[in-house]
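Source file: model-v2.pdb. Holds: PDB, C-alpha atoms.
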ATOM      1  CA  MET A   1     -18.295  84.327 -35.112
ATOM      2  CA  HIS A   2     -18.702  84.840 -31.541
ATOM      3  CA  ASN A   3     -21.456  82.263 -31.588
ATOM      4  CA  ASN A   4     -19.096  79.807 -33.208
ATOM      5  CA  ASP A   5     -16.645  80.234 -30.348
ATOM      6  CA  SER A   6     -19.245  79.213 -27.765
ATOM      7  CA  HIS A   7     -20.165  76.005 -29.555
ATOM      8  CA  PRO A   8     -16.670  74.499 -29.306
ATOM      9  CA  ALA A   9     -16.709  75.143 -25.541
ATOM     10  CA  GLN A  10     -19.976  73.271 -25.202
ATOM     11  CA  GLY A  11     -18.540  70.432 -27.328
ATOM     12  CA  ALA A  12     -15.431  70.320 -25.164
ATOM     13  CA  ASP A  13     -17.558  70.178 -22.024
ATOM     14  CA  ALA A  14     -19.588  67.286 -23.484
ATOM     15  CA  ALA A  15     -16.436  65.479 -24.622
ATOM     16  CA  GLY A  16     -14.860  66.009 -21.195
ATOM     17  CA  GLU A  17     -17.951  64.613 -19.506
ATOM     18  CA  ALA A  18     -17.918  61.604 -21.837
ATOM     19  CA  VAL A  19     -14.223  60.967 -21.117
ATOM     20  CA  SER A  20     -14.874  61.400 -17.412
ATOM     21  CA  ALA A  21     -17.793  58.937 -17.588
ATOM     22  CA  ASP A  22     -15.666  56.458 -19.541
ATOM     23  CA  LEU A  23     -12.871  56.889 -17.013
ATOM     24  CA  GLU A  24     -15.281  56.243 -14.122
ATOM     25  CA  ALA A  25     -16.654  53.159 -15.914
ATOM     26  CA  LEU A  26     -13.125  51.877 -16.493
ATOM     27  CA  LYS A  27     -12.206  52.522 -12.850
ATOM     28  CA  ALA A  28     -15.306  50.624 -11.749
ATOM     29  CA  ARG A  29     -14.432  47.756 -14.130
ATOM     30  CA  VAL A  30     -10.818  47.667 -12.824
ATOM     31  CA  ALA A  31     -12.098  47.591  -9.236
ATOM     32  CA  GLU A  32     -14.503  44.786 -10.184
ATOM     33  CA  LEU A  33     -11.710  42.780 -11.848
ATOM     34  CA  GLU A  34      -9.356  43.340  -8.889
ATOM     35  CA  ALA A  35     -12.069  42.093  -6.528
ATOM     36  CA  GLY A  36     -12.580  39.025  -8.741
ATOM     37  CA  ASN A  37      -8.819  38.467  -8.853
ATOM     38  CA  THR A  38      -8.598  38.700  -5.061
ATOM     39  CA  GLU A  39     -11.469  36.230  -4.734
ATOM     40  CA  LEU A  40      -9.802  33.801  -7.159
ATOM     41  CA  ARG A  41      -6.475  34.130  -5.332
ATOM     42  CA  GLU A  42      -8.184  33.312  -2.014
ATOM     43  CA  THR A  43      -9.922  30.319  -3.610
ATOM     44  CA  VAL A  44      -6.615  29.023  -4.997
ATOM     45  CA  LEU A  45      -4.955  29.430  -1.595
ATOM     46  CA  ARG A  46      -7.809  27.575   0.134
ATOM     47  CA  GLU A  47      -7.641  24.759  -2.445
ATOM     48  CA  LYS A  48      -3.875  24.573  -2.072
ATOM     49  CA  ALA A  49      -4.211  24.365   1.729
ATOM     50  CA  GLU A  50      -6.901  21.677   1.368
ATOM     51  CA  LEU A  51      -4.671  19.635  -0.957
ATOM     52  CA  GLU A  52      -1.770  19.954   1.477
ATOM     53  CA  ASN A  53      -4.006  18.813   4.372
ATOM     54  CA  GLN A  54      -5.255  15.893   2.299
ATOM     55  CA  ARG A  55      -1.665  14.928   1.395
ATOM     56  CA  ARG A  56      -0.724  14.985   5.103
ATOM     57  CA  ARG A  57      -3.764  12.857   6.018
ATOM     58  CA  LEU A  58      -2.951  10.315   3.291
ATOM     59  CA  HIS A  59       0.676  10.177   4.395
ATOM     60  CA  ARG A  60      -0.397   9.653   8.033
ATOM     61  CA  ASP A  61      -2.935   6.968   7.049
ATOM     62  CA  LEU A  62      -0.369   5.199   4.876
ATOM     63  CA  GLU A  63       2.164   5.266   7.696
ATOM     64  CA  GLN A  64      -0.434   3.846  10.119
ATOM     65  CA  ALA A  65      -1.349   1.105   7.639
ATOM     66  CA  ARG A  66       2.327   0.256   7.158
ATOM     67  CA  ARG A  67       2.994   0.133  10.903
ATOM     68  CA  PHE A  68       0.006  -2.062  11.722
ATOM     69  CA  ALA A  69      -0.358  -4.145   8.536
ATOM     70  CA  ASN A  70       0.688  -7.329  10.346
ATOM     71  CA  GLU A  71      -1.494  -6.762  13.399
ATOM     72  CA  LYS A  72      -4.126  -9.351  12.424
ATOM     73  CA  LEU A  73      -1.510 -11.968  11.560
ATOM     74  CA  LEU A  74       0.463 -11.417  14.735
ATOM     75  CA  ASN A  75      -2.716 -11.492  16.814
ATOM     76  CA  GLU A  76      -3.508 -14.916  15.333
ATOM     77  CA  LEU A  77       0.038 -16.102  16.105
ATOM     78  CA  LEU A  78      -0.235 -15.309  19.821
ATOM     79  CA  PRO A  79      -1.904 -18.677  20.659
ATOM     80  CA  VAL A  80       0.939 -20.438  18.816
ATOM     81  CA  PHE A  81       3.469 -18.567  20.956
ATOM     82  CA  ASP A  82       1.477 -19.520  24.051
ATOM     83  CA  GLY A  83       1.445 -23.185  22.987
ATOM     84  CA  LEU A  84       5.209 -23.218  22.466
ATOM     85  CA  GLU A  85       5.837 -21.534  25.803
ATOM     86  CA  SER A  86       3.533 -23.994  27.571
ATOM     87  CA  GLY A  87       5.323 -26.918  25.925
ATOM     88  CA  LEU A  88       8.710 -25.603  26.984
ATOM     89  CA  ALA A  89       7.511 -25.077  30.548
ATOM     90  CA  VAL A  90       6.529 -28.742  30.996
ATOM     91  CA  GLU A  91       9.078 -30.657  33.058
ATOM     92  CA  THR A  92       8.437 -34.174  31.835
ATOM     93  CA  ALA A  93      10.421 -36.916  30.224
ATOM     94  CA  ASP A  94       7.412 -38.093  28.189
ATOM     95  CA  VAL A  95       8.702 -37.636  24.648
ATOM     96  CA  ALA A  96       5.436 -38.835  23.074
ATOM     97  CA  ALA A  97       3.430 -36.141  24.877
ATOM     98  CA  MET A  98       6.013 -33.528  23.893
ATOM     99  CA  ARG A  99       5.861 -34.601  20.234
ATOM    100  CA  GLN A 100       2.068 -34.531  20.307
ATOM    101  CA  GLY A 101       2.109 -30.990  21.745
ATOM    102  CA  LEU A 102       4.620 -29.837  19.154
ATOM    103  CA  GLY A 103       2.505 -31.429  16.413
ATOM    104  CA  LEU A 104      -0.588 -29.563  17.586
ATOM    105  CA  THR A 105       1.365 -26.300  17.778
ATOM    106  CA  LEU A 106       2.716 -26.808  14.241
ATOM    107  CA  LYS A 107      -0.794 -27.579  13.009
ATOM    108  CA  SER A 108      -2.032 -24.354  14.621
ATOM    109  CA  LEU A 109       0.798 -22.380  13.027
ATOM    110  CA  LEU A 110       0.095 -23.851   9.581
ATOM    111  CA  LYS A 111      -3.594 -22.999   9.958
ATOM    112  CA  VAL A 112      -2.711 -19.351  10.697
ATOM    113  CA  GLY A 113      -0.431 -19.305   7.651
ATOM    114  CA  GLU A 114      -3.116 -20.819   5.417
ATOM    115  CA  SER A 115      -5.659 -18.239   6.544
ATOM    116  CA  HIS A 116      -3.236 -15.583   5.262
ATOM    117  CA  GLY A 117      -2.556 -17.217   1.893
ATOM    118  CA  LEU A 118       0.463 -19.342   2.833
ATOM    119  CA  ALA A 119       0.658 -22.872   1.434
ATOM    120  CA  GLN A 120       3.293 -25.575   1.882
ATOM    121  CA  VAL A 121       5.061 -27.117  -1.093
ATOM    122  CA  ASP A 122       5.549 -30.795  -0.227
ATOM    123  CA  PRO A 123       6.300 -32.498  -3.547
ATOM    124  CA  LEU A 124       7.068 -36.034  -2.338
ATOM    125  CA  GLY A 125       6.290 -38.481  -5.156
ATOM    126  CA  GLN A 126       5.673 -35.721  -7.720
ATOM    127  CA  PRO A 127       7.762 -34.959 -10.810
ATOM    128  CA  LEU A 128      10.452 -32.311 -10.294
ATOM    129  CA  ASP A 129       9.109 -28.801 -10.991
ATOM    130  CA  PRO A 130      12.051 -26.381 -11.298
ATOM    131  CA  GLU A 131       9.667 -23.480 -10.680
ATOM    132  CA  ARG A 132       8.798 -24.771  -7.177
ATOM    133  CA  HIS A 133      11.511 -27.309  -6.309
ATOM    134  CA  HIS A 134      15.267 -27.085  -5.932
ATOM    135  CA  ALA A 135      16.972 -30.419  -6.493
ATOM    136  CA  VAL A 136      19.992 -30.759  -4.214
ATOM    137  CA  SER A 137      20.825 -34.365  -5.075
ATOM    138  CA  MET A 138      19.983 -37.272  -7.323
ATOM    139  CA  VAL A 139      19.685 -40.693  -5.700
ATOM    140  CA  GLU A 140      19.181 -44.271  -6.808
ATOM    141  CA  SER A 141      15.591 -45.206  -6.150
ATOM    142  CA  PRO A 142      14.543 -48.520  -7.715
ATOM    143  CA  GLY A 143      10.796 -48.077  -7.134
ATOM    144  CA  ALA A 144      10.561 -44.446  -8.331
ATOM    145  CA  GLU A 145      10.313 -43.057 -11.819
ATOM    146  CA  ALA A 146      13.304 -40.982 -12.983
ATOM    147  CA  GLY A 147      12.908 -37.256 -12.235
ATOM    148  CA  THR A 148      10.474 -37.902  -9.394
ATOM    149  CA  VAL A 149      10.964 -36.365  -5.952
ATOM    150  CA  VAL A 150      11.873 -39.192  -3.575
ATOM    151  CA  SER A 151      12.848 -37.134  -0.531
ATOM    152  CA  VAL A 152      11.967 -33.662   0.750
ATOM    153  CA  LEU A 153      14.796 -32.148   2.752
ATOM    154  CA  GLN A 154      13.001 -28.851   3.361
ATOM    155  CA  LYS A 155       9.439 -27.967   2.420
ATOM    156  CA  GLY A 156       8.827 -24.928   0.262
ATOM    157  CA  TYR A 157       6.206 -22.232   0.736
ATOM    158  CA  VAL A 158       3.943 -20.251  -1.581
ATOM    159  CA  LEU A 159       2.173 -17.025  -0.611
ATOM    160  CA  ASN A 160      -0.895 -16.289  -2.733
ATOM    161  CA  ASP A 161       0.553 -18.154  -5.742
ATOM    162  CA  ARG A 162       3.988 -16.497  -5.382
ATOM    163  CA  LEU A 163       6.874 -18.749  -4.418
ATOM    164  CA  LEU A 164       8.471 -17.659  -1.140
ATOM    165  CA  ARG A 165      10.901 -20.532  -0.868
ATOM    166  CA  PRO A 166      11.393 -23.569  -3.122
ATOM    167  CA  ALA A 167      11.305 -27.038  -1.624
ATOM    168  CA  LEU A 168      14.751 -28.639  -1.290
ATOM    169  CA  VAL A 169      14.430 -32.142  -2.707
ATOM    170  CA  ALA A 170      16.275 -35.273  -3.754
ATOM    171  CA  VAL A 171      15.271 -36.673  -7.134
ATOM    172  CA  ALA A 172      15.373 -40.232  -8.501
ATOM    173  CA  LYS A 173      18.144 -40.878 -11.040
ATOM    174  CA  ASP A 174      17.523 -42.210 -14.542
TER     175      ASP A 174
END

Whole structure given in structure tokens:
Amino acid sequence: MHNNDSHPAQGADAAGEAVSADLEALKARVAELEAGNTELRETVLREKAELENQRRRLHRDLEQARRFANEKLLNELLPVFDGLESGLAVETADVAAMRQGLGLTLKSLLKVGESHGLAQVDPLGQPLDPERHHAVSMVESPGAEAGTVVSVLQKGYVLNDRLLRPALVAVAKD
């Protein structure tokens, strides 16, 4: 029986070594998972910081675009301003020359508007279009067909097919 007592001690030593080996393997696995977790946490933080930086850049770029969106248009309007200032600086009583200068300045201004999608609505002689014209009066006009625009009090404007302002018109009565 004495021999039987020594066998359980050897079995306990082997079981203890197996538990110890399993414990070491588990500790190594925990350390490996903690390292992976730390690495993932750092990656998430870097990605979060990158997204925040990108959001700031987009916000800054959007703000810059908003602030300077009209730069090209205003740059093209500068010669019109110059023409008006030059016309006002002239000390002459020649009304014809003044009208000619104003006409050229208006033509220049309309050209700038057209290059940016602006178009005039001048419906003289056309049938009334309630989508683009606002009739302010109806007048007797023997030579015009009823419902036709016979007078334009104020021209309308369209920007890229969107009505900015309807034309104010007088229409022929029935």

Practice task
Let me know the residues the PyMOL selection byres ((chain A and resi 105) around 9) catches in the file above, as a PyMOL selection string.
Solution key: chain A and resi 79-81+83-84+100-104+106-110

Practice task
Taking the file above as input, evaluate the PyMOL selection byres ((chain A and resi 124-132) around 7) and report the hits as a list in words.
Solution key: Asp122, Pro123, His133, His134, Gly147, Thr148, Val149, Val150, Ser151, Val152, Leu163, Pro166 and Ala167 of chain A

Exercise for the section: Please indicate the distance in Å from CA of Lys48 in chain A to CA of Gln64 in chain A, rounded to one decimal place. Expected result: 24.3 Å

Practice task
Just give me the gap between CA of Val169 in chain A and CA of Ser115 in chain A in Å, one decimal is fine.
Solution key: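 Taking CA of Val169 in chain A and CA of Ser115 in chain A, their separation equals 26.1 Å.
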
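Remark: for Arg165 in chain A, the closest of the candidate residues A:His116, A:Met138, A:Leu153, A:Val121 is A:Val121 (distances computed over all atoms listed in the file).
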
Practice task
State, in Å with one decimal place, the distance from CA of Lys173 in chain A to CA of Val136 in chain A.
Solution key: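 It comes out at 12.3 Å.
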
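Here the question is which of A:Asp174, A:Val95, A:Ala15, A:Gly36 gets nearest to Ala146 in chain A using only C-alpha atoms, and that residue is A:Asp174.
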
Centre and edge lengths, as lines of an AutoDock Vina configuration file, for the axis-aligned box enclosing every listed atom of range 23-34 of chain A with 8 Å of padding on each of the six sides, in Å to one decimal?
center_x = -13.0
center_y = 49.8
center_z = -13.0
size_x = 23.3
size_y = 30.1
size_z = 24.1

Practice task
Point out the residue among A:Gln54, A:Glu85, A:Val158, A:Leu77 with the least atom-to-atom distance to Lys111 in chain A, counting all atoms listed in the file.
Solution key: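 Using all atoms listed in the file, the shortest distance to Lys111 in chain A belongs to A:Leu77.
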